[in-house]
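First up is the structure itself, then whatever we jot down about it.
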Amino acid sequence: MGQSYSIKFGISKSNYDTIVTMDGDCQNDPKDIHKLLSIYFTENDIKLVGGIRNKRKDNIIKIISSKIANYIRSRILKDNCTDTGCSLKVFSRKIFNSFNYFDGMHRFLPALFSGHGYKTKFVNVNHRKRKKGYSKYGTFDRLTKGIIDLIKVKRMLDKIND
């Protein structure tokens, strides 16, 4: 059903307001969760803490295309996030549920939080070689879907700020 749907479904079943997301292919290091939670719970004005994959263990094409896409997205949406593709995030369930759901929203959580006026923070986290599964996105697929979603999110955030 996709990553955005899976996150939304998991959150709908949660009994807690603090949500931690991470990938299912074991590239995120669970040891980094404590670091993100520590920031989230000590800096009360921060409503989303996200990981920045330090020393990525992906192929060079994926790394370069991701850096370009992150740069463009961050400049347009002004979300102050250099790596929105890192799945390791901690955030408020209540705030997440206030957003209009759309497929692909998992890539834009930092922009949605900051665009709605919530403070975000990003910290370096470990990145490991994929141990399970495979990437569901090709470079071209991510590009076309990413551009469409970028336009959609920009319009959503512009309406909020009008």
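FYI, nothing fancy with the structure tokens labels: chains A, B, ... in order, residues from 1 per chain, ligands from 1 as they appear.
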(message) If you run DSSP on the backbone here, which positions in chain A get helix (DSSP H, G or I)? Please write them as JSON, numbers by chain.
(response) {"A": [3, 4, 5, 6, 7, 8, 9, 10, 11, 12, 13, 30, 31, 32, 33, 34, 35, 36, 37, 38, 39, 40, 41, 42, 60, 61, 62, 63, 64, 65, 66, 67, 68, 69, 70, 71, 72, 73, 74, 75, 76, 77, 93, 94, 95, 96, 97, 98, 105, 106, 107, 108, 109, 110, 111, 112, 113, 114, 115, 139, 140, 141, 142, 143, 144, 145, 146, 147, 148, 149, 150, 151, 152, 153, 154, 155, 156, 157, 158, 159, 160, 161]}
Writing out the chosen residues with C-alpha atoms as a tab-separated table (two decimals), in the first residue's frame:
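Wrote selection18.tsv, looks like this:
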```tsv
chain	number	residue	atom	x	y	z
A	3	GLN	CA	5.06	4.01	2.86
A	4	SER	CA	2.71	6.95	3.47
A	5	TYR	CA	-0.29	4.66	3.87
A	6	SER	CA	1.66	2.37	6.19
A	7	ILE	CA	2.71	5.28	8.39
A	8	LYS	CA	-0.84	6.65	8.50
A	9	PHE	CA	-2.27	3.21	9.30
A	10	GLY	CA	0.31	2.55	12.03
A	11	ILE	CA	-0.32	5.93	13.61
A	12	SER	CA	-4.08	5.31	13.56
A	13	LYS	CA	-3.47	2.19	15.69
A	30	PRO	CA	17.74	1.71	16.10
A	31	LYS	CA	20.46	3.03	18.44
A	32	ASP	CA	19.77	6.51	17.01
A	33	ILE	CA	16.17	6.52	18.29
A	34	HIS	CA	17.35	7.49	21.77
A	35	LYS	CA	19.20	10.52	20.37
A	36	LEU	CA	16.10	11.78	18.55
A	37	LEU	CA	13.80	11.13	21.51
A	38	SER	CA	16.17	12.94	23.85
A	39	ILE	CA	15.99	16.08	21.70
A	40	TYR	CA	12.23	15.75	21.23
A	41	PHE	CA	11.54	15.51	24.95
A	42	THR	CA	14.06	18.10	26.16
A	60	ILE	CA	26.36	6.87	-6.02
A	61	ILE	CA	23.43	7.56	-8.38
A	62	LYS	CA	20.94	7.34	-5.52
A	63	ILE	CA	23.08	9.59	-3.33
A	64	ILE	CA	23.55	12.26	-6.02
A	65	SER	CA	19.91	12.25	-7.17
A	66	SER	CA	18.78	12.44	-3.54
A	67	LYS	CA	21.09	15.40	-2.81
A	68	ILE	CA	19.79	17.29	-5.85
A	69	ALA	CA	16.15	16.55	-5.00
A	70	ASN	CA	16.64	17.50	-1.35
A	71	TYR	CA	18.30	20.77	-2.34
A	72	ILE	CA	15.49	21.74	-4.73
A	73	ARG	CA	12.73	20.69	-2.32
A	74	SER	CA	14.30	22.50	0.60
A	75	ARG	CA	14.76	25.72	-1.41
A	76	ILE	CA	11.17	25.71	-2.64
A	77	LEU	CA	9.46	24.61	0.58
A	93	ARG	CA	0.72	12.09	16.38
A	94	LYS	CA	-1.81	14.84	17.03
A	95	ILE	CA	-0.07	17.24	14.66
A	96	PHE	CA	0.44	14.54	12.01
A	97	ASN	CA	-3.28	13.70	12.12
A	98	SER	CA	-4.15	17.35	11.50
A	105	MET	CA	3.37	12.68	2.26
A	106	HIS	CA	6.09	10.76	4.12
A	107	ARG	CA	8.67	12.60	1.97
A	108	PHE	CA	7.25	15.97	3.02
A	109	LEU	CA	6.76	15.63	6.78
A	110	PRO	CA	9.45	18.24	7.60
A	111	ALA	CA	7.83	20.70	5.16
A	112	LEU	CA	4.35	20.00	6.51
A	113	PHE	CA	5.43	20.53	10.11
A	114	SER	CA	7.43	23.68	9.42
A	115	GLY	CA	4.87	24.99	6.94
A	139	THR	CA	15.36	7.42	-10.02
A	140	PHE	CA	12.86	8.38	-12.74
A	141	ASP	CA	9.83	7.32	-10.66
A	142	ARG	CA	11.02	9.36	-7.70
A	143	LEU	CA	11.68	12.36	-9.94
A	144	THR	CA	8.26	12.47	-11.60
A	145	LYS	CA	6.27	11.64	-8.45
A	146	GLY	CA	8.47	14.01	-6.44
A	147	ILE	CA	7.82	16.96	-8.77
A	148	ILE	CA	4.06	16.41	-8.71
A	149	ASP	CA	4.05	16.08	-4.91
A	150	LEU	CA	6.34	19.10	-4.52
A	151	ILE	CA	3.86	21.25	-6.45
A	152	LYS	CA	0.96	19.83	-4.39
A	153	VAL	CA	2.69	20.55	-1.07
A	154	LYS	CA	3.78	24.03	-2.17
A	155	ARG	CA	0.16	24.88	-3.02
A	156	MET	CA	-1.06	23.45	0.31
A	157	LEU	CA	1.44	25.49	2.29
A	158	ASP	CA	0.80	28.65	0.26
A	159	LYS	CA	-2.91	28.41	1.18
A	160	ILE	CA	-2.00	28.23	4.87
A	161	ASN	CA	0.23	31.30	4.65
```
(request) Run DSSP on the backbone of this structure and report the residues of segment 17-69 of chain A it assigns to strand (DSSP E), as a PyMOL selection string. (result) chain A and resi 18-21+46-53
(request) Give the answer as one residue: which of A:Cys81, A:Met1, A:Asp25, A:Leu88 has the shortest atom-to-atom distance to Asn126 of chain A, using only C-alpha atoms? (result) A:Leu88
(request) Enter the distance from atom CA of Val125 of chain A to atom CA of Thr18 of chain A, in Å, rounded to one decimal. (result) 19.2 Å
